[in-house]
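The file query-v5.csv contains CSV, C-alpha atoms:
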chain,number,residue,atom,x,y,z
A,1,MET,CA,7.7,-20.5,-26.8
A,2,THR,CA,9.5,-20.6,-23.5
A,3,LEU,CA,12.1,-18.1,-22.5
A,4,PRO,CA,15.5,-19.2,-23.9
A,5,LEU,CA,18.6,-19.7,-21.9
A,6,PHE,CA,21.1,-16.9,-22.6
A,7,PRO,CA,24.9,-16.9,-22.5
A,8,ALA,CA,26.5,-15.4,-19.4
A,9,ASP,CA,27.4,-12.2,-21.2
A,10,ASP,CA,23.8,-11.6,-22.1
A,11,HIS,CA,22.2,-11.6,-18.7
A,12,ALA,CA,20.8,-8.1,-19.3
A,13,LEU,CA,18.6,-9.4,-22.1
A,14,LEU,CA,17.2,-12.2,-20.0
A,15,GLU,CA,16.5,-9.8,-17.2
A,16,GLU,CA,14.6,-7.5,-19.5
A,17,ARG,CA,12.6,-10.4,-20.9
A,18,LEU,CA,11.6,-11.4,-17.4
A,19,ARG,CA,10.6,-7.9,-16.6
A,20,GLY,CA,8.6,-7.9,-19.8
A,21,LEU,CA,6.7,-11.0,-18.6
A,22,PHE,CA,5.7,-9.0,-15.5
A,23,ARG,CA,4.4,-6.1,-17.6
A,24,SER,CA,2.4,-8.6,-19.7
A,25,TRP,CA,0.8,-10.1,-16.6
A,26,VAL,CA,-0.2,-6.6,-15.3
A,27,ASP,CA,-1.6,-5.6,-18.7
A,28,PHE,CA,-3.6,-8.9,-18.9
A,29,ARG,CA,-5.1,-8.3,-15.5
A,30,ALA,CA,-5.9,-4.7,-16.4
A,31,LEU,CA,-8.3,-6.0,-19.2
A,32,SER,CA,-9.9,-8.5,-16.9
A,33,ASN,CA,-13.6,-8.2,-16.0
A,34,SER,CA,-13.3,-10.9,-13.3
A,35,ARG,CA,-14.4,-10.1,-9.7
A,36,VAL,CA,-12.0,-12.7,-8.4
A,37,ARG,CA,-9.4,-10.9,-6.3
A,38,THR,CA,-6.5,-12.7,-7.9
A,39,GLU,CA,-7.7,-12.0,-11.4
A,40,ARG,CA,-9.1,-8.4,-11.4
A,41,PRO,CA,-7.0,-5.3,-12.3
A,42,LEU,CA,-4.3,-4.3,-9.9
A,43,LYS,CA,-4.3,-1.0,-8.1
A,44,GLU,CA,-1.4,1.3,-9.1
A,45,GLU,CA,0.0,1.0,-5.6
A,46,SER,CA,-0.1,-2.8,-5.6
A,47,ALA,CA,1.4,-3.0,-9.1
A,48,THR,CA,4.3,-0.8,-8.0
A,49,VAL,CA,5.0,-3.0,-5.0
A,50,TYR,CA,4.8,-6.2,-7.0
A,51,GLN,CA,7.1,-4.7,-9.7
A,52,GLU,CA,9.8,-4.0,-7.1
A,53,MET,CA,9.5,-7.6,-5.9
A,54,TRP,CA,9.5,-9.2,-9.3
A,55,HIS,CA,12.4,-7.0,-10.6
A,56,ALA,CA,14.6,-8.2,-7.7
A,57,PHE,CA,13.7,-11.8,-8.6
A,58,ALA,CA,14.4,-11.1,-12.3
A,59,ALA,CA,17.8,-9.8,-11.5
A,60,PHE,CA,18.6,-12.9,-9.4
A,61,CYS,CA,17.5,-15.2,-12.2
A,62,ALA,CA,19.3,-13.4,-14.9
A,63,ALA,CA,22.6,-13.4,-12.9
A,64,ARG,CA,22.2,-17.3,-12.8
A,65,ASN,CA,20.9,-17.8,-16.3
A,66,LEU,CA,17.5,-19.1,-15.0
A,67,ASP,CA,14.2,-18.8,-16.8
A,68,THR,CA,10.6,-19.5,-15.8
A,69,SER,CA,10.9,-23.1,-16.8
A,70,THR,CA,14.2,-23.9,-15.2
A,71,ILE,CA,13.9,-22.2,-11.8
A,72,SER,CA,13.8,-24.7,-9.0
A,73,ALA,CA,12.5,-24.7,-5.5
A,74,ALA,CA,16.1,-24.6,-4.2
A,75,ASP,CA,16.8,-21.6,-6.4
A,76,ILE,CA,13.8,-19.7,-5.0
A,77,GLN,CA,14.8,-20.6,-1.4
A,78,THR,CA,18.3,-19.2,-2.2
A,79,PHE,CA,16.8,-16.0,-3.5
A,80,LEU,CA,14.7,-15.6,-0.3
A,81,MET,CA,17.7,-16.3,1.9
A,82,LEU,CA,19.8,-13.7,0.0
A,83,ARG,CA,17.0,-11.2,0.3
A,84,GLY,CA,17.0,-11.6,4.0
A,85,SER,CA,20.7,-11.4,4.4
A,86,GLY,CA,21.3,-8.6,2.0
A,87,ASN,CA,23.9,-10.7,0.1
A,88,ASP,CA,22.2,-10.2,-3.3
A,89,GLY,CA,23.3,-6.6,-3.4
A,90,GLU,CA,20.0,-5.3,-2.0
A,91,LYS,CA,19.5,-3.9,1.5
A,92,PRO,CA,18.3,-6.5,4.1
A,93,ARG,CA,15.2,-4.3,4.7
A,94,VAL,CA,12.8,-4.9,1.8
A,95,SER,CA,11.2,-1.6,0.6
A,96,ILE,CA,7.6,-3.0,0.7
A,97,LYS,CA,5.7,-0.6,2.9
A,98,GLY,CA,8.5,-0.7,5.4
A,99,GLU,CA,8.3,-4.4,6.1
A,100,ASP,CA,11.3,-6.6,6.8
A,101,LEU,CA,11.8,-9.9,5.0
A,102,SER,CA,9.5,-12.3,6.9
A,103,PRO,CA,7.5,-15.5,6.4
A,104,ARG,CA,4.6,-13.4,5.2
A,105,TYR,CA,6.8,-11.5,2.7
A,106,ALA,CA,8.2,-14.9,1.6
A,107,TRP,CA,4.6,-16.1,1.1
A,108,ARG,CA,3.8,-13.0,-1.0
A,109,MET,CA,6.9,-13.5,-3.1
A,110,LEU,CA,6.2,-17.2,-3.7
A,111,THR,CA,2.6,-16.4,-4.6
A,112,LEU,CA,3.8,-13.7,-7.1
A,113,ILE,CA,6.3,-16.1,-8.7
A,114,ASP,CA,3.6,-18.9,-8.9
A,115,ARG,CA,1.0,-16.6,-10.5
A,116,ILE,CA,3.4,-15.1,-13.1
A,117,THR,CA,5.0,-18.4,-14.1
A,118,ARG,CA,1.5,-20.0,-14.4
A,119,PHE,CA,0.4,-17.0,-16.5
A,120,HIS,CA,3.4,-17.6,-18.8
A,121,ALA,CA,2.8,-21.3,-19.0
A,122,GLU,CA,-0.9,-20.8,-19.9
A,123,ARG,CA,0.0,-18.2,-22.5
A,124,GLU,CA,2.6,-20.5,-24.1
A,125,GLY,CA,0.7,-23.7,-23.7
A,126,ILE,CA,3.4,-25.4,-21.7
A,127,PRO,CA,3.4,-27.2,-18.3
A,128,PRO,CA,3.6,-24.8,-15.4
A,129,ASN,CA,6.7,-24.7,-13.2
A,130,ARG,CA,5.6,-26.0,-9.8
A,131,ALA,CA,8.6,-24.9,-7.8
A,132,ALA,CA,6.8,-22.0,-6.1
A,133,THR,CA,3.7,-24.1,-5.6
A,134,GLU,CA,5.7,-26.8,-3.8
A,135,LEU,CA,7.3,-24.3,-1.4
A,136,LEU,CA,3.8,-22.8,-0.7
A,137,GLN,CA,2.8,-26.2,0.7
A,138,LYS,CA,5.6,-26.1,3.4
A,139,ASP,CA,4.3,-25.1,6.9
A,140,GLU,CA,6.7,-22.1,7.2
A,141,TYR,CA,5.1,-20.5,4.2
A,142,ARG,CA,1.7,-22.2,4.0
A,143,TYR,CA,0.3,-20.6,7.1
A,144,ALA,CA,2.2,-17.3,6.8
A,145,ASN,CA,-0.9,-15.5,5.4
A,146,ALA,CA,-3.5,-17.3,7.4
A,147,SER,CA,-5.8,-15.0,9.4
A,148,HIS,CA,-5.0,-16.7,12.7
A,149,ARG,CA,-1.3,-16.0,12.1
A,150,ASP,CA,-1.9,-12.4,11.1
A,151,PRO,CA,-0.3,-9.9,13.6
A,152,LEU,CA,-2.8,-7.6,15.4
A,153,PRO,CA,-3.2,-4.3,13.6
A,154,GLU,CA,-1.0,-1.6,14.9
A,155,PHE,CA,-2.9,1.5,16.1
A,156,CYS,CA,-2.2,4.8,17.8
A,157,THR,CA,-2.8,5.1,21.5
A,158,GLU,CA,-4.6,8.2,22.8
A,159,ALA,CA,-1.4,9.9,23.7
A,160,GLN,CA,0.2,9.1,20.3
A,161,ALA,CA,-2.8,10.3,18.4
A,162,LYS,CA,-3.1,13.5,20.4
A,163,ARG,CA,0.6,14.3,19.8
A,164,LEU,CA,0.3,13.6,16.1
A,165,ILE,CA,-2.9,15.6,15.7
A,166,GLY,CA,-1.2,18.5,17.5
A,167,TYR,CA,1.7,18.3,15.0
A,168,LEU,CA,-0.5,17.9,11.9
A,169,THR,CA,-2.7,21.0,12.8
A,170,GLU,CA,0.2,23.3,13.8
A,171,ILE,CA,-0.2,26.7,12.4
A,172,ARG,CA,2.9,28.9,11.8
A,173,HIS,CA,2.2,32.5,11.0
A,174,ALA,CA,4.5,34.7,8.8
A,175,ASP,CA,5.8,36.5,11.9
A,176,SER,CA,6.8,33.3,13.7
A,177,ALA,CA,10.5,32.5,14.3
A,178,GLU,CA,10.4,29.7,11.7
A,179,GLY,CA,8.1,31.5,9.3
A,180,PRO,CA,5.0,30.0,7.7
A,181,LEU,CA,4.9,26.3,6.6
A,182,PRO,CA,5.7,25.8,2.9
A,183,TRP,CA,2.7,24.7,0.9
A,184,LYS,CA,4.1,21.2,0.4
A,185,GLU,CA,4.5,20.8,4.1
A,186,VAL,CA,0.9,21.7,4.7
A,187,ARG,CA,-0.1,19.3,1.9
A,188,ASP,CA,1.9,16.5,3.5
A,189,ARG,CA,0.5,17.0,7.0
A,190,THR,CA,-3.1,17.2,5.6
A,191,ALA,CA,-2.5,14.0,3.6
A,192,VAL,CA,-1.6,12.3,6.9
A,193,ALA,CA,-4.6,13.8,8.6
A,194,MET,CA,-6.8,12.2,6.0
A,195,MET,CA,-5.3,8.8,6.8
A,196,LEU,CA,-5.9,9.2,10.5
A,197,GLY,CA,-9.1,11.2,10.4
A,198,ALA,CA,-10.8,9.5,7.4
A,199,GLY,CA,-9.2,6.1,7.1
A,200,LEU,CA,-7.6,6.7,3.7
A,201,THR,CA,-4.7,4.8,2.2
A,202,PRO,CA,-1.8,6.5,0.4
A,203,GLY,CA,-3.5,5.5,-2.9
A,204,ASP,CA,-6.7,7.1,-1.8
A,205,VAL,CA,-4.9,10.3,-0.9
A,206,ARG,CA,-3.3,10.5,-4.3
A,207,ALA,CA,-6.6,9.8,-6.1
A,208,MET,CA,-8.7,12.4,-4.1
A,209,THR,CA,-10.4,15.0,-6.3
A,210,LEU,CA,-11.8,18.4,-5.4
A,211,ASP,CA,-15.4,17.3,-6.4
A,212,GLY,CA,-15.2,14.5,-3.9
A,213,ILE,CA,-15.1,16.9,-0.9
A,214,THR,CA,-18.4,17.5,0.8
A,215,THR,CA,-18.7,20.7,2.9
A,216,ASP,CA,-22.4,21.6,2.8
A,217,GLY,CA,-24.6,20.0,5.4
A,218,GLY,CA,-21.9,19.5,8.0
A,219,ARG,CA,-21.8,20.6,11.7
A,220,LYS,CA,-19.4,23.4,11.0
A,221,ALA,CA,-19.9,25.8,8.1
A,222,GLY,CA,-17.1,25.5,5.6
A,223,VAL,CA,-15.5,22.4,7.2
A,224,PRO,CA,-15.4,19.2,5.0
A,225,TRP,CA,-17.2,16.3,6.8
A,226,LYS,CA,-17.4,13.6,4.1
A,227,LEU,CA,-15.2,12.4,1.2
A,228,ALA,CA,-16.2,10.6,-2.0
A,229,LEU,CA,-13.4,8.4,-3.3
A,230,PRO,CA,-13.2,6.9,-6.8
A,231,GLY,CA,-13.2,3.1,-7.3
A,232,ASN,CA,-10.4,1.0,-8.8
A,233,GLY,CA,-9.8,-2.6,-9.6
A,234,ASN,CA,-9.6,-3.7,-6.0
A,235,ALA,CA,-12.1,-1.4,-4.2
A,236,PRO,CA,-15.4,0.2,-5.1
A,237,ALA,CA,-16.2,3.9,-5.2
A,238,ARG,CA,-17.2,4.9,-1.7
A,239,GLU,CA,-17.8,7.6,0.8
A,240,THR,CA,-16.2,8.0,4.2
A,241,PRO,CA,-16.7,10.5,7.1
A,242,VAL,CA,-14.0,12.9,8.2
A,243,ALA,CA,-13.2,13.7,11.8
A,244,GLU,CA,-13.9,17.3,12.6
A,245,TRP,CA,-10.2,18.2,13.4
A,246,ALA,CA,-9.2,16.6,10.1
A,247,GLY,CA,-11.9,18.5,8.3
A,248,ARG,CA,-10.6,21.8,9.6
A,249,GLN,CA,-7.1,20.8,8.5
A,250,LEU,CA,-8.4,19.9,5.0
A,251,ALA,CA,-10.2,23.3,4.9
A,252,LEU,CA,-6.9,25.0,5.7
A,253,TRP,CA,-5.1,23.1,2.9
A,254,MET,CA,-7.9,24.0,0.4
A,255,SER,CA,-7.5,27.7,1.2
A,256,ILE,CA,-3.7,27.4,0.7
A,257,ARG,CA,-4.2,25.4,-2.4
A,258,THR,CA,-6.4,28.2,-3.8
A,259,ALA,CA,-3.9,30.9,-2.8
A,260,GLN,CA,-1.1,29.0,-4.5
A,261,ARG,CA,-3.3,28.7,-7.7
A,262,ILE,CA,-2.5,25.0,-7.9
A,263,GLN,CA,-4.0,23.6,-11.1
A,264,GLY,CA,-5.9,20.5,-11.8
A,265,ASN,CA,-8.6,18.6,-9.9
A,266,LEU,CA,-6.4,16.5,-7.6
A,267,VAL,CA,-6.6,17.5,-4.0
A,268,PHE,CA,-3.0,16.6,-3.3
A,269,PRO,CA,-0.9,17.1,-6.4
A,270,SER,CA,2.9,17.0,-6.4
A,271,THR,CA,3.4,20.3,-8.2
A,272,LEU,CA,1.7,23.7,-8.7
A,273,ALA,CA,0.9,22.6,-12.2
A,274,GLY,CA,-1.3,19.7,-10.8
A,275,LYS,CA,1.0,16.8,-11.6
A,276,PRO,CA,-0.1,13.6,-9.8
A,277,TRP,CA,1.7,12.6,-6.7
A,278,SER,CA,3.8,9.5,-7.2
A,279,HIS,CA,3.4,6.4,-5.0
A,280,THR,CA,7.0,6.7,-3.8
A,281,GLY,CA,6.8,10.5,-3.4
A,282,CYS,CA,3.6,10.3,-1.3
A,283,TYR,CA,4.8,7.5,0.9
A,284,GLU,CA,8.1,9.1,1.6
A,285,CYS,CA,6.6,12.5,2.4
A,286,CYS,CA,4.0,11.0,4.8
A,287,LYS,CA,6.8,9.0,6.5
A,288,ALA,CA,8.7,12.3,7.0
A,289,VAL,CA,5.6,13.8,8.6
A,290,LEU,CA,5.5,10.9,11.1
A,291,ALA,CA,9.2,11.4,11.8
A,292,GLY,CA,8.6,15.1,12.4
A,293,ALA,CA,5.9,14.2,14.9
A,294,GLY,CA,8.3,11.9,16.8
A,295,MET,CA,6.8,8.7,15.5
A,296,GLU,CA,9.7,7.6,13.3
A,297,GLY,CA,10.6,4.6,15.4
A,298,ASP,CA,7.0,3.5,15.9
A,299,SER,CA,5.9,0.3,14.2
A,300,GLY,CA,3.0,0.1,11.8
A,301,GLY,CA,4.0,2.8,9.3
A,302,VAL,CA,1.3,5.0,7.7
A,303,PHE,CA,-1.3,2.1,7.7
A,304,LYS,CA,-1.2,2.4,11.5
A,305,LEU,CA,-3.3,5.5,11.0
A,306,ARG,CA,-6.0,3.8,8.9
A,307,HIS,CA,-6.2,1.1,11.5
A,308,THR,CA,-6.7,3.7,14.2
A,309,PHE,CA,-9.5,5.2,12.3
A,310,ALA,CA,-11.2,1.9,11.9
A,311,LEU,CA,-10.9,1.0,15.6
A,312,ARG,CA,-12.1,4.4,16.6
A,313,GLN,CA,-15.3,4.0,14.6
A,314,LEU,CA,-15.9,0.5,15.9
A,315,SER,CA,-15.3,1.6,19.5
A,316,LYS,CA,-18.0,4.3,18.9
A,317,GLY,CA,-20.5,1.5,18.0
A,318,ARG,CA,-20.3,1.6,14.2
A,319,SER,CA,-21.0,-1.8,12.6
A,320,GLU,CA,-18.3,-3.8,10.9
A,321,VAL,CA,-20.3,-3.6,7.6
A,322,GLU,CA,-20.4,0.2,7.8
A,323,VAL,CA,-16.7,0.6,8.7
A,324,ALA,CA,-15.7,-1.9,6.0
A,325,ARG,CA,-17.7,0.2,3.5
A,326,TRP,CA,-15.9,3.3,4.6
A,327,LEU,CA,-12.5,1.6,4.3
A,328,GLY,CA,-13.4,0.2,0.8
A,329,LEU,CA,-13.1,-3.4,1.8
A,330,LEU,CA,-14.9,-5.9,-0.5
A,331,ASP,CA,-14.0,-8.9,1.7
A,332,MET,CA,-15.5,-8.7,5.2
A,333,SER,CA,-12.9,-11.2,6.5
A,334,GLY,CA,-10.5,-8.2,6.7
A,335,MET,CA,-12.5,-7.0,9.7
A,336,ALA,CA,-11.5,-10.0,11.7
A,337,ARG,CA,-8.2,-8.4,12.7
A,338,TYR,CA,-10.0,-5.5,14.4
A,339,ARG,CA,-12.4,-7.9,16.1
A,340,ARG,CA,-9.4,-9.5,17.8
A,341,VAL,CA,-8.4,-6.1,19.3
A,342,MET,CA,-11.8,-4.7,20.2
A,343,PRO,CA,-12.6,-7.0,23.2
A,344,ARG,CA,-9.6,-5.5,24.9
A,345,PRO,CA,-9.3,-2.0,26.3
A,346,VAL,CA,-8.5,0.1,23.2
A,347,ASP,CA,-7.1,3.5,24.1
A,348,ILE,CA,-7.6,5.6,21.0
A,349,VAL,CA,-9.1,9.0,20.2
Encoded form using structure tokens:
Amino acid sequence: MTLPLFPADDHALLEERLRGLFRSWVDFRALSNSRVRTERPLKEESATVYQEMWHAFAAFCAARNLDTSTISAADIQTFLMLRGSGNDGEKPRVSIKGEDLSPRYAWRMLTLIDRITRFHAEREGIPPNRAATELLQKDEYRYANASHRDPLPEFCTEAQAKRLIGYLTEIRHADSAEGPLPWKEVRDRTAVAMMLGAGLTPGDVRAMTLDGITTDGGRKAGVPWKLALPGNGNAPARETPVAEWAGRQLALWMSIRTAQRIQGNLVFPSTLAGKPWSHTGCYECCKAVLAGAGMEGDSGGVFKLRHTFALRQLSKGRSEVEVARWLGLLDMSGMARYRRVMPRPVDIV
């Protein structure tokens, strides 16, 4: 059965039912064995981002008494317009990895609406609502995610990277004017070091385990030089090298982690008891580190660090296949963005 239309005084119930539809879609994908990118299980980070997007859409629909069968293309365009202007009660800046509302964000929003409404229609045996599909055929959205329209990857220049590395590896002793760094501050700086020095995503950082750190066999005794990362629905289990400076920073954090008697097997927990670091908590802490290093106004966000790692490896002569494997990319087409940068002088460390 389709979602019913509710009276104006029962919008909260409609909004909750729409939110429930999102949860059903995520749960359905979690049980999928498909290798198709649009059908396989979602990473926790992706699910969190999509949930924020869908919840905003659900609130918009509930306020106007719209369900998945009655929403029109004009309604969706109104939603996108309001998201950009901030007139729907939300901030104009969409909290999706620091991105503003843009044609690409609109494309992602339309794609999400299309997939969830199709999922609902297939489950209920009813004709799908084609409103989002129709909008995706318009030129302003149709090419928004095309590779040739993708912006070039943001990366750190040599000066930026050196400044950041200096900040990340700063050591404050007990007798210094500011005192030693709190353990969480060292954790946060080391997490950012893993993004720049090993190409990790925030999700990788949160999933890192102690048994995935390789120290033996490296150039420097006691310094980690390789990481093993667990697989998930969107990326396979993989290994990635660690820059020597980042390895030294990780060794420092591990010694502090031991001294603090932090429990559990996660390398970067949120508490001394070993509680996992949340998506939002990790992201905000890492952004604060960049701000502390004087990079708050720089574009690219934390993923700028991962791009810098990839470009550094390619500039050293590593193959695209090898770098893609270190990054955990299943689709080699993702390397095309770096190829567009590499023919130019790339000033990175």
Judged by all atoms listed in the file, the minimum distance to A:Phe268 among A:Val289, A:Leu13, A:Met208, A:Ile256 is found for A:Met208
Give me, as a ChimeraX atom specification, all polymer residues having an atom no more than 9 Å from A:Asp211, counting only C-alpha atoms and skipping those fewer than 2 positions away in the same chain. /A:208-209,213-214,228,265
Would you mind telling me which residue in A:Val186, A:Leu200, A:Cys282, A:Cys61 lies nearest to A:Thr78 when using all atoms listed in the file?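 Going through A:Val186, A:Leu200, A:Cys282, A:Cys61 one by one, the smallest distance to A:Thr78 is for A:Cys61.
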Quick one: pull the distance between atom CA of A:Met53 and atom CA of A:His279, Å, one decimal.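 Between atom CA of A:Met53 and atom CA of A:His279 the gap works out to 15.3 Å.
Here atom CA of A:Arg248 and atom CA of A:Val223 stand 5.5 Å from one another.
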Would you compute the distance between atom CA of A:Arg29 and atom CA of A:Pro41? Give it in Å to one decimal. 4.8 Å
Within-12 Å shell of (5.2, -2.1, -9.1) in input frame, only C-alpha atoms, as a compact mmCIF listing (two decimals) with C-alpha atoms, in the frame of the given file:
# COMPACT_ATOMS: atom_id res chain seq x y z
CA ARG A 19 10.60 -7.90 -16.60
CA PHE A 22 5.70 -9.00 -15.50
CA ARG A 23 4.40 -6.10 -17.60
CA TRP A 25 0.80 -10.10 -16.60
CA VAL A 26 -0.20 -6.60 -15.30
CA LEU A 42 -4.30 -4.30 -9.90
CA LYS A 43 -4.30 -1.00 -8.10
CA GLU A 44 -1.40 1.30 -9.10
CA GLU A 45 0.00 1.00 -5.60
CA SER A 46 -0.10 -2.80 -5.60
CA ALA A 47 1.40 -3.00 -9.10
CA THR A 48 4.30 -0.80 -8.00
CA VAL A 49 5.00 -3.00 -5.00
CA TYR A 50 4.80 -6.20 -7.00
CA GLN A 51 7.10 -4.70 -9.70
CA GLU A 52 9.80 -4.00 -7.10
CA MET A 53 9.50 -7.60 -5.90
CA TRP A 54 9.50 -9.20 -9.30
CA HIS A 55 12.40 -7.00 -10.60
CA ALA A 56 14.60 -8.20 -7.70
CA SER A 95 11.20 -1.60 0.60
CA ILE A 96 7.60 -3.00 0.70
CA LEU A 112 3.80 -13.70 -7.10
CA SER A 278 3.80 9.50 -7.20
CA HIS A 279 3.40 6.40 -5.00
CA THR A 280 7.00 6.70 -3.80
Please determine, counting all atoms listed in the file, which residue among A:Thr117, A:Thr38, A:Thr111, A:Gln160 has the shortest atom-to-atom distance to A:Ser69. A:Thr117
Give me the residues within 6 Å of stretch 119-134 of chain A as a VMD selection string, counting all atoms listed in the file and dropping any in the same chain fewer than 5 places off. chain A and resid 1 69 72 to 73 110 114
Sphere at (-0.6, 21.7, 10.9), radius 12 Å, counting only C-alpha atoms: residues as a PyMOL selection string: chain A and resi 163-173+180-193+245-246+248-253+289+292-293
